[in-house]
file query.txt (compact mmCIF, C-alpha atoms and all ligand atoms)
# COMPACT_ATOMS: atom_id res chain seq x y z
CA MET D 1 -26.82 -10.96 8.79
CA SER D 2 -26.12 -13.66 6.25
CA SER D 3 -23.71 -16.52 6.84
CA PHE D 4 -20.65 -16.99 4.70
CA SER D 5 -21.46 -18.31 1.30
CA VAL D 6 -18.42 -19.48 -0.61
CA SER D 7 -18.50 -21.64 -3.70
CA ALA D 8 -15.74 -24.09 -4.64
CA PRO D 9 -12.52 -22.91 -2.94
CA THR D 10 -10.59 -23.37 -6.16
CA ALA D 11 -12.79 -20.77 -7.85
CA VAL D 12 -11.78 -18.33 -5.14
CA LEU D 13 -8.12 -19.25 -4.99
CA GLY D 14 -7.69 -19.12 -8.75
CA SER D 15 -5.22 -21.05 -10.83
CA ALA D 16 -2.34 -20.24 -8.47
CA GLY D 17 -3.92 -22.59 -5.91
CA PHE D 18 -2.94 -22.62 -2.25
CA GLU D 19 -0.19 -20.15 -1.48
CA HIS D 20 -1.26 -18.90 1.94
CA GLU D 21 -0.42 -20.36 5.35
CA GLN D 22 -3.85 -19.72 6.88
CA VAL D 23 -7.16 -18.17 5.86
CA ILE D 24 -9.67 -17.66 8.66
CA LEU D 25 -13.38 -16.90 8.21
CA CYS D 26 -14.57 -14.95 11.26
CA GLN D 27 -18.21 -14.51 12.21
CA ASP D 28 -19.88 -12.92 15.27
CA ARG D 29 -23.63 -12.92 14.89
CA ALA D 30 -24.31 -10.66 17.88
CA SER D 31 -22.36 -7.71 16.44
CA GLY D 32 -22.89 -8.58 12.75
CA LEU D 33 -19.16 -9.08 12.17
CA LYS D 34 -18.14 -10.99 9.07
CA ALA D 35 -14.43 -10.87 8.39
CA VAL D 36 -11.66 -12.82 6.70
CA ILE D 37 -8.09 -12.86 7.96
CA ALA D 38 -5.38 -14.15 5.61
CA LEU D 39 -1.85 -15.01 6.67
CA HIS D 40 0.18 -15.31 3.50
CA SER D 41 3.56 -15.91 5.09
CA THR D 42 5.04 -15.80 8.58
CA ALA D 43 8.51 -16.90 7.44
CA LEU D 44 10.11 -13.53 8.23
CA GLY D 45 8.00 -12.88 11.34
CA PRO D 46 4.38 -12.26 12.35
CA ALA D 47 2.11 -11.53 9.39
CA LEU D 48 1.59 -7.76 9.31
CA GLY D 49 -1.03 -5.87 7.32
CA GLY D 50 -4.04 -3.64 7.89
CA THR D 51 -7.77 -4.28 8.08
CA ARG D 52 -9.87 -3.15 5.13
CA PHE D 53 -13.59 -2.49 5.79
CA ARG D 54 -15.63 -2.60 2.59
CA ALA D 55 -19.00 -3.56 1.15
CA TYR D 56 -17.95 -6.38 -1.18
CA GLY D 57 -20.21 -7.70 -3.93
CA SER D 58 -19.83 -11.26 -2.61
CA ASP D 59 -17.89 -13.29 -0.04
CA GLU D 60 -15.74 -14.66 -2.87
CA GLU D 61 -14.77 -11.14 -3.87
CA ALA D 62 -13.77 -10.37 -0.26
CA ILE D 63 -11.69 -13.55 -0.04
CA ALA D 64 -9.99 -12.88 -3.39
CA ASP D 65 -9.16 -9.36 -2.19
CA VAL D 66 -7.70 -10.46 1.15
CA LEU D 67 -5.63 -13.19 -0.53
CA ALA D 68 -4.10 -10.71 -3.00
CA LEU D 69 -3.59 -8.01 -0.40
CA SER D 70 -1.92 -10.33 2.14
CA ARG D 71 0.42 -11.69 -0.53
CA GLY D 72 1.28 -8.11 -1.46
CA MET D 73 2.12 -7.40 2.19
CA SER D 74 4.57 -10.33 2.29
CA TYR D 75 6.41 -8.84 -0.68
CA LYS D 76 6.25 -5.26 0.62
CA ASN D 77 7.56 -6.19 4.09
CA ALA D 78 10.28 -8.42 2.66
CA VAL D 79 11.65 -5.83 0.22
CA ALA D 80 11.54 -3.11 2.90
CA GLY D 81 13.81 -5.32 5.02
CA LEU D 82 11.26 -5.69 7.82
CA ASP D 83 11.17 -8.77 10.03
CA PHE D 84 7.48 -9.30 9.40
CA GLY D 85 5.55 -11.58 7.12
CA GLY D 86 2.46 -10.65 5.17
CA GLY D 87 -1.16 -10.70 6.27
CA LYS D 88 -4.34 -8.74 5.84
CA ALA D 89 -7.91 -8.73 7.10
CA VAL D 90 -11.12 -7.63 5.44
CA ILE D 91 -14.34 -6.84 7.27
CA ILE D 92 -17.31 -7.34 4.98
CA GLY D 93 -19.93 -4.55 4.99
CA ASP D 94 -20.41 -0.85 4.47
CA PRO D 95 -18.35 0.78 7.24
CA LEU D 96 -20.68 3.80 7.30
CA ARG D 97 -23.64 1.54 8.08
CA VAL D 98 -22.38 -1.41 10.08
CA LYS D 99 -19.26 -0.30 11.92
CA SER D 100 -19.77 -0.31 15.68
CA GLU D 101 -17.64 -0.59 18.80
CA GLU D 102 -19.12 -4.03 19.49
CA LEU D 103 -18.16 -5.22 15.98
CA LEU D 104 -14.60 -3.87 16.25
CA LEU D 105 -14.17 -5.53 19.66
CA ALA D 106 -15.41 -8.84 18.21
CA PHE D 107 -12.91 -8.46 15.37
CA GLY D 108 -10.15 -7.69 17.89
CA ARG D 109 -10.93 -10.91 19.77
CA PHE D 110 -10.47 -12.92 16.56
CA VAL D 111 -7.10 -11.26 15.92
CA ALA D 112 -6.11 -11.89 19.56
CA SER D 113 -7.04 -15.57 19.21
CA LEU D 114 -4.20 -15.93 16.69
CA GLY D 115 -1.76 -15.22 19.51
CA GLY D 116 0.43 -12.77 17.63
CA ALA D 117 0.71 -14.64 14.31
CA TYR D 118 -1.17 -11.71 12.76
CA VAL D 119 -0.63 -8.02 13.56
CA THR D 120 -3.28 -5.67 12.24
CA GLY D 121 -3.57 -1.92 11.59
CA SER D 122 -5.78 0.55 9.74
CA ASP D 123 -6.48 0.47 6.01
CA LEU D 124 -9.22 1.72 3.71
CA GLY D 125 -12.44 1.96 5.71
CA THR D 126 -10.75 1.76 9.12
CA THR D 127 -9.10 4.54 11.09
CA THR D 128 -6.42 4.79 13.73
CA SER D 129 -9.24 5.40 16.25
CA ASP D 130 -10.89 2.11 15.18
CA MET D 131 -7.58 0.39 15.86
CA GLY D 132 -7.62 2.03 19.28
CA VAL D 133 -10.88 0.14 19.95
CA VAL D 134 -9.41 -3.13 18.60
CA ALA D 135 -6.35 -2.58 20.81
CA ARG D 136 -8.55 -2.74 23.93
CA VAL D 137 -8.91 -6.51 23.45
CA CYS D 138 -5.90 -7.29 21.27
CA ARG D 139 -2.30 -6.26 21.76
CA TRP D 140 -1.28 -7.18 18.22
CA THR D 141 -2.34 -3.87 16.74
CA ALA D 142 -0.13 -1.29 15.02
CA GLY D 143 -1.08 2.22 14.04
CA SER D 144 -3.68 2.74 16.73
CA SER D 145 -4.62 6.04 18.25
CA ARG D 146 -6.87 6.00 21.26
CA GLU D 147 -8.04 9.59 21.16
CA GLY D 148 -7.80 10.40 17.48
CA ASP D 149 -4.50 12.12 18.30
CA GLY D 150 -2.93 11.25 14.97
CA VAL D 151 -0.40 8.88 16.55
CA GLY D 152 -0.22 5.95 14.21
CA GLU D 153 -1.00 7.99 11.11
CA THR D 154 0.99 6.33 8.36
CA ALA D 155 0.20 8.59 5.41
CA ILE D 156 2.90 11.21 5.92
CA HIS D 157 5.54 8.47 6.06
CA THR D 158 4.04 6.90 2.97
CA ALA D 159 4.32 10.27 1.20
CA ARG D 160 7.96 10.66 2.30
CA GLY D 161 8.73 7.16 1.09
CA VAL D 162 7.16 7.83 -2.31
CA LEU D 163 9.26 11.00 -2.57
CA ASN D 164 12.42 8.98 -1.81
CA GLY D 165 11.47 6.37 -4.39
CA MET D 166 10.84 9.13 -6.92
CA LYS D 167 14.29 10.61 -6.26
CA ALA D 168 15.84 7.18 -6.85
CA GLY D 169 13.88 6.93 -10.12
CA ALA D 170 15.14 10.39 -11.11
CA HIS D 171 18.71 9.36 -10.30
CA HIS D 172 18.35 6.24 -12.42
CA ARG D 173 16.63 7.98 -15.33
CA TRP D 174 18.24 11.43 -15.40
CA GLY D 175 21.48 10.97 -13.41
CA THR D 176 20.40 13.31 -10.60
CA SER D 177 18.11 12.68 -7.67
CA SER D 178 17.01 16.32 -7.62
CA LEU D 179 13.38 16.93 -8.56
CA ARG D 180 13.92 20.69 -8.97
CA GLY D 181 12.22 21.85 -12.14
CA ARG D 182 10.64 18.44 -12.78
CA ALA D 183 6.94 18.35 -13.65
CA VAL D 184 5.10 15.84 -11.47
CA GLY D 185 1.43 14.86 -11.89
CA VAL D 186 -0.36 13.66 -8.73
CA ALA D 187 -3.72 11.89 -9.07
CA GLY D 188 -5.53 11.65 -5.72
CA LEU D 189 -5.12 14.27 -3.02
CA GLY D 190 -6.09 12.30 0.06
CA LYS D 191 -4.10 11.43 3.15
CA VAL D 192 -0.98 10.58 1.08
CA GLY D 193 -1.41 12.72 -2.06
CA ARG D 194 -1.75 16.00 -0.18
CA PRO D 195 1.49 15.78 1.86
CA LEU D 196 3.24 14.41 -1.24
CA VAL D 197 2.31 17.57 -3.18
CA GLU D 198 3.65 19.71 -0.31
CA LEU D 199 6.93 17.78 -0.26
CA LEU D 200 7.27 18.06 -4.05
CA VAL D 201 6.71 21.82 -4.01
CA ARG D 202 9.36 22.09 -1.28
CA GLU D 203 11.74 20.13 -3.55
CA GLY D 204 11.22 22.71 -6.31
CA ALA D 205 9.10 20.52 -8.59
CA THR D 206 6.17 21.92 -10.53
CA VAL D 207 3.06 19.95 -9.69
CA VAL D 208 -0.13 19.23 -11.62
CA VAL D 209 -2.95 17.64 -9.62
CA THR D 210 -6.39 16.11 -9.93
CA ASP D 211 -8.99 14.56 -7.63
CA VAL D 212 -12.63 13.60 -8.05
CA LEU D 213 -13.47 15.62 -4.95
CA GLU D 214 -13.46 19.39 -5.39
CA GLU D 215 -12.77 19.96 -1.71
CA ALA D 216 -9.69 17.72 -1.86
CA VAL D 217 -8.33 19.88 -4.71
CA ALA D 218 -9.28 23.09 -2.87
CA ARG D 219 -7.45 21.98 0.30
CA VAL D 220 -4.24 21.65 -1.72
CA THR D 221 -4.54 24.71 -3.93
CA ARG D 222 -5.58 27.01 -1.05
CA GLY D 223 -2.15 26.70 0.52
CA LEU D 224 -0.08 26.22 -2.65
CA ARG D 225 -1.07 28.65 -5.37
CA GLU D 226 1.67 27.46 -7.76
CA VAL D 227 0.03 24.02 -8.16
CA ALA D 228 -1.85 23.54 -11.46
CA VAL D 229 -5.13 21.59 -11.62
CA VAL D 230 -6.57 19.43 -14.40
CA ASP D 231 -10.09 17.98 -14.64
CA ASP D 232 -9.40 14.29 -14.32
CA THR D 233 -6.78 11.53 -14.30
CA ASP D 234 -7.23 10.88 -18.02
CA THR D 235 -6.21 14.49 -18.75
CA LEU D 236 -3.38 14.29 -16.24
CA VAL D 237 -1.71 11.24 -17.76
CA ARG D 238 -1.85 12.91 -21.21
CA THR D 239 -0.49 16.27 -20.00
CA PRO D 240 2.44 17.25 -22.25
CA GLY D 241 5.82 17.73 -20.57
CA LEU D 242 5.12 15.62 -17.49
CA ASP D 243 8.28 13.98 -16.08
CA VAL D 244 6.70 11.86 -13.35
CA TYR D 245 3.19 10.51 -12.83
CA ALA D 246 2.22 9.68 -9.22
CA PRO D 247 -0.99 7.61 -8.91
CA CYS D 248 -2.20 8.21 -5.34
CA ALA D 249 -5.88 7.27 -5.59
CA LEU D 250 -7.22 3.85 -6.57
CA GLY D 251 -5.40 0.75 -7.81
CA ALA D 252 -5.40 -0.70 -11.36
CA THR D 253 -5.25 2.70 -13.08
CA LEU D 254 -2.28 1.68 -15.22
CA ASN D 255 -4.10 -0.31 -17.87
CA ASP D 256 -4.10 -1.07 -21.60
CA ASP D 257 -5.72 2.33 -22.35
CA VAL D 258 -3.37 4.43 -20.23
CA ALA D 259 -0.05 2.77 -21.18
CA PRO D 260 -0.08 4.01 -24.82
CA VAL D 261 -0.88 7.65 -23.94
CA ILE D 262 1.04 8.37 -20.76
CA THR D 263 3.46 11.28 -21.22
CA ALA D 264 5.57 10.92 -18.08
CA GLU D 265 8.92 9.10 -18.22
CA VAL D 266 8.64 7.74 -14.67
CA VAL D 267 5.65 6.35 -12.73
CA CYS D 268 5.99 6.48 -8.95
CA GLY D 269 2.99 6.73 -6.64
CA ALA D 270 1.38 5.53 -3.43
CA ALA D 271 -1.60 3.57 -4.76
CA ASN D 272 -1.52 -0.18 -4.14
CA ASN D 273 -1.74 -2.59 -7.08
CA GLN D 274 -1.34 0.12 -9.73
CA LEU D 275 -0.88 -2.26 -12.65
CA ALA D 276 -4.23 -3.59 -13.91
CA HIS D 277 -2.21 -6.54 -15.18
CA PRO D 278 1.55 -7.33 -14.96
CA ARG D 279 1.84 -7.07 -18.78
CA VAL D 280 1.12 -3.32 -18.50
CA GLU D 281 4.62 -2.83 -17.10
CA ARG D 282 6.01 -4.26 -20.37
CA LEU D 283 3.77 -1.93 -22.41
CA LEU D 284 5.10 1.02 -20.40
CA ALA D 285 8.73 -0.14 -20.73
CA ASP D 286 8.35 -0.52 -24.51
CA ARG D 287 7.45 3.19 -24.62
CA GLY D 288 10.42 4.08 -22.39
CA VAL D 289 8.31 4.64 -19.28
CA LEU D 290 10.02 3.52 -16.07
CA TYR D 291 7.54 2.00 -13.59
CA LEU D 292 8.71 1.95 -9.96
CA PRO D 293 6.97 -0.99 -8.24
CA ASP D 294 4.22 0.38 -5.99
CA TYR D 295 4.95 -1.83 -3.00
CA VAL D 296 8.61 -0.80 -3.00
CA VAL D 297 7.97 2.95 -2.92
CA ASN D 298 4.82 2.99 -0.74
CA ALA D 299 6.35 1.07 2.19
CA GLY D 300 6.72 4.19 4.38
CA GLY D 301 3.40 3.50 6.11
CA VAL D 302 4.25 -0.03 7.13
CA ILE D 303 7.71 1.12 8.24
CA GLN D 304 5.97 3.65 10.51
CA ALA D 305 3.67 0.93 11.86
CA VAL D 306 6.64 -1.33 12.65
CA GLY D 307 8.39 1.61 14.32
CA GLN D 308 5.37 2.08 16.57
CA LEU D 309 5.19 -1.65 17.37
CA ARG D 310 8.87 -1.92 18.19
CA GLY D 311 9.10 1.42 20.04
CA HIS D 312 11.51 2.98 17.54
CA SER D 313 12.22 6.70 17.87
CA ALA D 314 10.85 9.14 15.29
CA LEU D 315 14.40 9.56 13.98
CA GLU D 316 14.91 5.80 13.53
CA THR D 317 11.62 5.56 11.64
CA SER D 318 12.49 8.53 9.41
CA LEU D 319 15.89 7.04 8.57
CA LYS D 320 14.26 3.72 7.67
CA VAL D 321 11.82 5.57 5.39
CA GLU D 322 14.79 7.34 3.76
CA GLU D 323 16.18 3.89 2.94
CA ILE D 324 13.41 3.53 0.34
CA PHE D 325 15.78 5.54 -1.89
CA ASP D 326 18.43 2.77 -1.65
CA THR D 327 15.89 -0.05 -1.89
CA THR D 328 14.42 1.43 -5.06
CA LEU D 329 17.88 1.90 -6.58
CA ALA D 330 18.75 -1.71 -5.67
CA VAL D 331 15.61 -2.90 -7.50
CA LEU D 332 16.43 -0.78 -10.57
CA THR D 333 20.06 -1.93 -10.58
CA ARG D 334 19.03 -5.59 -10.33
CA ALA D 335 16.50 -5.09 -13.13
CA ALA D 336 19.13 -3.48 -15.38
CA SER D 337 21.81 -6.09 -14.65
CA THR D 338 19.52 -9.11 -15.09
CA GLY D 339 17.52 -7.76 -18.03
CA VAL D 340 14.14 -7.95 -16.29
CA LEU D 341 11.56 -5.27 -15.51
CA PRO D 342 11.65 -3.56 -12.09
CA GLY D 343 8.46 -5.37 -10.99
CA GLU D 344 10.06 -8.76 -11.58
CA ALA D 345 13.32 -7.64 -9.95
CA ALA D 346 11.44 -6.51 -6.82
CA ASP D 347 9.49 -9.80 -6.66
CA GLY D 348 12.80 -11.66 -6.98
CA ILE D 349 14.34 -9.79 -4.03
CA ALA D 350 11.24 -10.45 -1.90
CA GLU D 351 11.03 -14.15 -2.81
CA GLN D 352 14.74 -14.67 -2.09
CA ARG D 353 14.37 -13.20 1.41
CA ILE D 354 11.16 -15.11 2.21
CA THR D 355 12.52 -18.43 0.87
CA ALA D 356 15.78 -18.06 2.82
CA ALA D 357 13.86 -17.29 6.04
CA ALA D 358 11.52 -20.24 5.47
CA GLY D 359 14.56 -22.49 4.96
CA ARG D 360 16.15 -21.28 8.21
CA ARG D 361 12.85 -21.89 10.02
CA ARG D 362 12.62 -25.45 8.65
CA SER D 363 16.14 -26.18 9.87
CA GLY D 364 15.27 -24.83 13.33
CA ALA D 365 17.57 -21.78 13.04
CA LYS D 366 16.46 -18.29 14.02
CA PRO D 367 14.56 -16.43 11.25
N1 LIG M 1 -2.37 5.81 3.74
C1 LIG M 1 -1.25 5.11 3.64
O1 LIG M 1 -0.36 5.17 4.51
C2 LIG M 1 -1.01 4.23 2.43
C3 LIG M 1 0.07 3.33 2.45
C4 LIG M 1 0.32 2.55 1.32
C5 LIG M 1 -0.52 2.65 0.21
N2 LIG M 1 -1.59 3.52 0.24
C6 LIG M 1 -2.43 3.60 -0.96
O2 LIG M 1 -2.34 4.92 -1.50
C7 LIG M 1 -3.59 5.31 -2.07
C8 LIG M 1 -4.06 6.60 -1.41
O3 LIG M 1 -4.20 6.39 -0.01
P1 LIG M 1 -4.81 7.52 0.93
O4 LIG M 1 -4.61 7.02 2.33
O5 LIG M 1 -4.29 8.86 0.54
O6 LIG M 1 -6.35 7.40 0.54
P2 LIG M 1 -7.48 8.53 0.67
O7 LIG M 1 -8.77 7.81 0.62
O8 LIG M 1 -7.19 9.42 1.85
O9 LIG M 1 -7.28 9.43 -0.65
C9 LIG M 1 -7.59 8.99 -1.94
C10 LIG M 1 -7.95 10.23 -2.77
O10 LIG M 1 -8.11 9.81 -4.13
C11 LIG M 1 -9.25 10.48 -4.65
N3 LIG M 1 -9.77 9.73 -5.79
C12 LIG M 1 -10.57 8.64 -5.79
N4 LIG M 1 -10.82 8.26 -7.05
C13 LIG M 1 -10.16 9.10 -7.86
C14 LIG M 1 -10.01 9.21 -9.27
N5 LIG M 1 -10.61 8.35 -10.09
N6 LIG M 1 -9.24 10.21 -9.76
C15 LIG M 1 -8.63 11.09 -8.93
N7 LIG M 1 -8.73 11.03 -7.59
C16 LIG M 1 -9.47 10.06 -7.05
C17 LIG M 1 -10.22 10.57 -3.47
O11 LIG M 1 -11.18 11.57 -3.68
C18 LIG M 1 -9.25 10.89 -2.32
O12 LIG M 1 -9.06 12.28 -2.18
C19 LIG M 1 -4.53 4.11 -1.85
O13 LIG M 1 -4.49 3.30 -3.00
C20 LIG M 1 -3.91 3.36 -0.68
O14 LIG M 1 -4.21 1.99 -0.71
C21 LIG M 1 -1.84 4.32 1.31
call {"tool": "encode", "arguments": {"input": "query.txt", "output": "structure tokens"}}
result
Amino acid sequence: MSSFSVSAPTAVLGSAGFEHEQVILCQDRASGLKAVIALHSTALGPALGGTRFRAYGSDEEAIADVLALSRGMSYKNAVAGLDFGGGKAVIIGDPLRVKSEELLLAFGRFVASLGGAYVTGSDLGTTTSDMGVVARVCRWTAGSSREGDGVGETAIHTARGVLNGMKAGAHHRWGTSSLRGRAVGVAGLGKVGRPLVELLVREGATVVVTDVLEEAVARVTRGLREVAVVDDTDTLVRTPGLDVYAPCALGATLNDDVAPVITAEVVCGAANNQLAHPRVERLLADRGVLYLPDYVVNAGGVIQAVGQLRGHSALETSLKVEEIFDTTLAVLTRAASTGVLPGEAADGIAEQRITAAAGRRRSGAKP
């Protein structure tokens, strides 16, 4: 196992410079663990965000990813009204090759050493069962399931949250929150995309789907014969008559090529970091396409994780996920009244909450 190799920190941090409270490089030679934990902000409470396990091209790439992801979690948690800050961890390596119980336990000990400043959970490359292993040595773990029993699965709540955000978008755009008769395109039929399609069909929407994996498409179409399938995301975004486009696969799919051809009037999906660049939101808006900020509508998963941490009932968690409707409307209303795009309006709401909490903390008051 190689040691960390990081060139000038400024090259990694970018022009924005230092924005994070703490960035910790973690190494355990015995198990082969190499991980980075980033605490962007603890102003609202412990930094909360999952652990991504990925084979990065370089240590710099891993650090850049964890910095962006942890910042995103601060904003997501703040806008969702949660009393948690933003953090994230990345474990460097191919999970299929290097993941082991010993490595996860070593990672758990690093998280535990932070004494609750960081609360972790599952993310791409880690499962709720992995978090069950981490939880054996670290009590600051959300979304864990010790026997693969599905407890801690966040995806269904994420799908419900996206649906609520979509209804708020419909209300804003068409004056009714009903999705009956609306044509919705869903790209990515994984843990979130699949239940989202089921919820949309139940709402009376017509759904067009795509996924790179044939079996993912088959799993959806087997049960729901009324769902139409297209070959790829490029075809989906150009499909005539689409009302809503829901990106539920990878990030950065809304780019300079997609913005000019997208047919949907509203974009609302689960994928994190959908905009390849913030200016893409302006390109979409200039064509009359309403983009609902990803971190506002995909907060159902983190709301579920907080519910598990705090011992909330299933009903309390569901009601909090329903609130994504109101949160999304609040973002859209602020955007309309201040003349900014929804992305900027959402960032403004998050920054206001974080700054106010940081101010209270400085003055010694409760967060
Ligand atoms: N799981 C959650 O609770 C949660 C919460 C918030 C955000 N998200 C984000 O939502 C997205 C989906 O999460 P998930 O848990 O469903 O992931 P997943 O890995 O279970 O599913 C992703 C699906 O997208 C498909 N896919 C990959 N590339 C594609 C492409 N180019 N075109 C079409 N389909 C493609 C994959 O085959 C897979 O079926 C991710 O970006 C994730 O970060 C998930």
call {"tool": "closest_atom_pairs", "arguments": {"input": "query.txt", "of": "chain D", "to": "ligand LIG 1 (chain M)", "cutoff": "8 Å", "atoms": "all atoms listed in the file", "output": "JSON lines"}}
result
{"residue": "D:Asp123", "atom": "CA", "partner": "M:LIG1", "partner_atom": "N1", "distance": 7.1}
{"residue": "D:Leu124", "atom": "CA", "partner": "M:LIG1", "partner_atom": "O14", "distance": 6.7}
{"residue": "D:Glu153", "atom": "CA", "partner": "M:LIG1", "partner_atom": "O1", "distance": 7.2}
{"residue": "D:Thr154", "atom": "CA", "partner": "M:LIG1", "partner_atom": "O1", "distance": 4.2}
{"residue": "D:Ala155", "atom": "CA", "partner": "M:LIG1", "partner_atom": "O1", "distance": 3.6}
{"residue": "D:Ile156", "atom": "CA", "partner": "M:LIG1", "partner_atom": "O1", "distance": 7.0}
{"residue": "D:His157", "atom": "CA", "partner": "M:LIG1", "partner_atom": "O1", "distance": 6.9}
{"residue": "D:Thr158", "atom": "CA", "partner": "M:LIG1", "partner_atom": "O1", "distance": 5.0}
{"residue": "D:Ala159", "atom": "CA", "partner": "M:LIG1", "partner_atom": "O1", "distance": 7.7}
{"residue": "D:Ala187", "atom": "CA", "partner": "M:LIG1", "partner_atom": "C15", "distance": 5.0}
{"residue": "D:Gly188", "atom": "CA", "partner": "M:LIG1", "partner_atom": "O10", "distance": 3.5}
{"residue": "D:Leu189", "atom": "CA", "partner": "M:LIG1", "partner_atom": "O12", "distance": 4.5}
{"residue": "D:Gly190", "atom": "CA", "partner": "M:LIG1", "partner_atom": "O9", "distance": 3.2}
{"residue": "D:Lys191", "atom": "CA", "partner": "M:LIG1", "partner_atom": "O5", "distance": 3.7}
{"residue": "D:Val192", "atom": "CA", "partner": "M:LIG1", "partner_atom": "O5", "distance": 3.8}
{"residue": "D:Gly193", "atom": "CA", "partner": "M:LIG1", "partner_atom": "O5", "distance": 5.5}
{"residue": "D:Arg194", "atom": "CA", "partner": "M:LIG1", "partner_atom": "O5", "distance": 7.6}
{"residue": "D:Thr210", "atom": "CA", "partner": "M:LIG1", "partner_atom": "C15", "distance": 5.6}
{"residue": "D:Asp211", "atom": "CA", "partner": "M:LIG1", "partner_atom": "N7", "distance": 3.5}
{"residue": "D:Val212", "atom": "CA", "partner": "M:LIG1", "partner_atom": "N7", "distance": 4.7}
{"residue": "D:Leu213", "atom": "CA", "partner": "M:LIG1", "partner_atom": "O11", "distance": 4.8}
{"residue": "D:Ala216", "atom": "CA", "partner": "M:LIG1", "partner_atom": "O12", "distance": 5.5}
{"residue": "D:Asp232", "atom": "CA", "partner": "M:LIG1", "partner_atom": "N6", "distance": 6.1}
{"residue": "D:Thr233", "atom": "CA", "partner": "M:LIG1", "partner_atom": "N6", "distance": 5.3}
{"residue": "D:Pro247", "atom": "CA", "partner": "M:LIG1", "partner_atom": "C7", "distance": 7.7}
{"residue": "D:Cys248", "atom": "CA", "partner": "M:LIG1", "partner_atom": "C7", "distance": 4.6}
{"residue": "D:Ala249", "atom": "CA", "partner": "M:LIG1", "partner_atom": "O10", "distance": 3.7}
{"residue": "D:Leu250", "atom": "CA", "partner": "M:LIG1", "partner_atom": "O13", "distance": 4.5}
{"residue": "D:Gly251", "atom": "CA", "partner": "M:LIG1", "partner_atom": "O13", "distance": 5.5}
{"residue": "D:Gly269", "atom": "CA", "partner": "M:LIG1", "partner_atom": "O2", "distance": 7.6}
{"residue": "D:Ala270", "atom": "CA", "partner": "M:LIG1", "partner_atom": "O2", "distance": 4.2}
{"residue": "D:Ala271", "atom": "CA", "partner": "M:LIG1", "partner_atom": "O13", "distance": 3.4}
{"residue": "D:Asn272", "atom": "CA", "partner": "M:LIG1", "partner_atom": "O13", "distance": 4.7}
{"residue": "D:Asn273", "atom": "CA", "partner": "M:LIG1", "partner_atom": "O13", "distance": 7.7}
{"residue": "D:Tyr295", "atom": "CA", "partner": "M:LIG1", "partner_atom": "C4", "distance": 7.7}
{"residue": "D:Asn298", "atom": "CA", "partner": "M:LIG1", "partner_atom": "C4", "distance": 5.0}
{"residue": "D:Ala299", "atom": "CA", "partner": "M:LIG1", "partner_atom": "C4", "distance": 6.3}
{"residue": "D:Gly300", "atom": "CA", "partner": "M:LIG1", "partner_atom": "C3", "distance": 7.0}
{"residue": "D:Gly301", "atom": "CA", "partner": "M:LIG1", "partner_atom": "O1", "distance": 4.4}
{"residue": "D:Val302", "atom": "CA", "partner": "M:LIG1", "partner_atom": "C3", "distance": 7.1}
call {"tool": "closest_residue", "arguments": {"input": "query.txt", "among": "D:Leu104, D:Val98, D:Val220, D:Val111", "to": "Val36 of chain D", "atoms": "only C-alpha atoms"}}
result
D:Val111
call {"tool": "residues_around", "arguments": {"input": "query.txt", "residues": "Thr355 of chain D", "least_positions_apart": "6", "cutoff": "12 Å", "atoms": "only C-alpha atoms", "output": "CSV table (one decimal) with C-alpha atoms, in the coordinates of the input"}}
result
chain,number,residue,atom,x,y,z
D,41,SER,CA,3.6,-15.9,5.1
D,42,THR,CA,5.0,-15.8,8.6
D,43,ALA,CA,8.5,-16.9,7.4
D,44,LEU,CA,10.1,-13.5,8.2
D,74,SER,CA,4.6,-10.3,2.3
D,75,TYR,CA,6.4,-8.8,-0.7
D,78,ALA,CA,10.3,-8.4,2.7
D,85,GLY,CA,5.6,-11.6,7.1
D,347,ASP,CA,9.5,-9.8,-6.7
D,348,GLY,CA,12.8,-11.7,-7.0
D,349,ILE,CA,14.3,-9.8,-4.0
D,361,ARG,CA,12.8,-21.9,10.0
D,362,ARG,CA,12.6,-25.4,8.6
D,367,PRO,CA,14.6,-16.4,11.2
call {"tool": "residues_around", "arguments": {"input": "query.txt", "residues": "Val197 of chain D", "least_positions_apart": "2", "cutoff": "10 Å", "atoms": "all atoms listed in the file", "output": "count of residues only"}}
result
25
call {"tool": "residues_around", "arguments": {"input": "query.txt", "residues": "His40 of chain D", "least_positions_apart": "2", "cutoff": "6 Å", "atoms": "all atoms listed in the file", "output": "list in words"}}
result
His20, Glu21, Ser70, Arg71, Gly86 and Gly87 of chain D
call {"tool": "atom_distance", "arguments": {"input": "query.txt", "atom1": "atom CA of Arg173 of chain D", "atom2": "atom CA of Val217 of chain D"}}
result
29.6 Å
call {"tool": "residues_near_point", "arguments": {"input": "query.txt", "point": "(8.7, -5.2, -5.6)", "cutoff": "8 Å", "atoms": "all atoms listed in the file", "output": "list in words"}}
result
Tyr75, Lys76, Val79, Pro293, Asp294, Tyr295, Val296, Val331, Pro342, Gly343, Glu344, Ala345, Ala346, Asp347, Gly348, Ile349 and Ala350 of chain D
call {"tool": "atom_distance", "arguments": {"input": "query.txt", "atom1": "atom CA of Ser5 of chain D", "atom2": "atom CA of Asp59 of chain D"}}
result
6.3 Å
call {"tool": "closest_atom_pairs", "arguments": {"input": "query.txt", "of": "segment 258-278 of chain D", "to": "segment 179-183 of chain D", "cutoff": "12 Å", "atoms": "all atoms listed in the file", "output": "Markdown table"}}
result
| residue | atom | partner | partner_atom | distance |
| --- | --- | --- | --- | --- |
| D:Thr263 | CA | D:Ala183 | CA | 10.9 |
| D:Ala264 | CA | D:Ala183 | CA | 8.8 |
| D:Glu265 | CA | D:Ala183 | CA | 10.5 |
| D:Val266 | CA | D:Ala183 | CA | 10.8 |
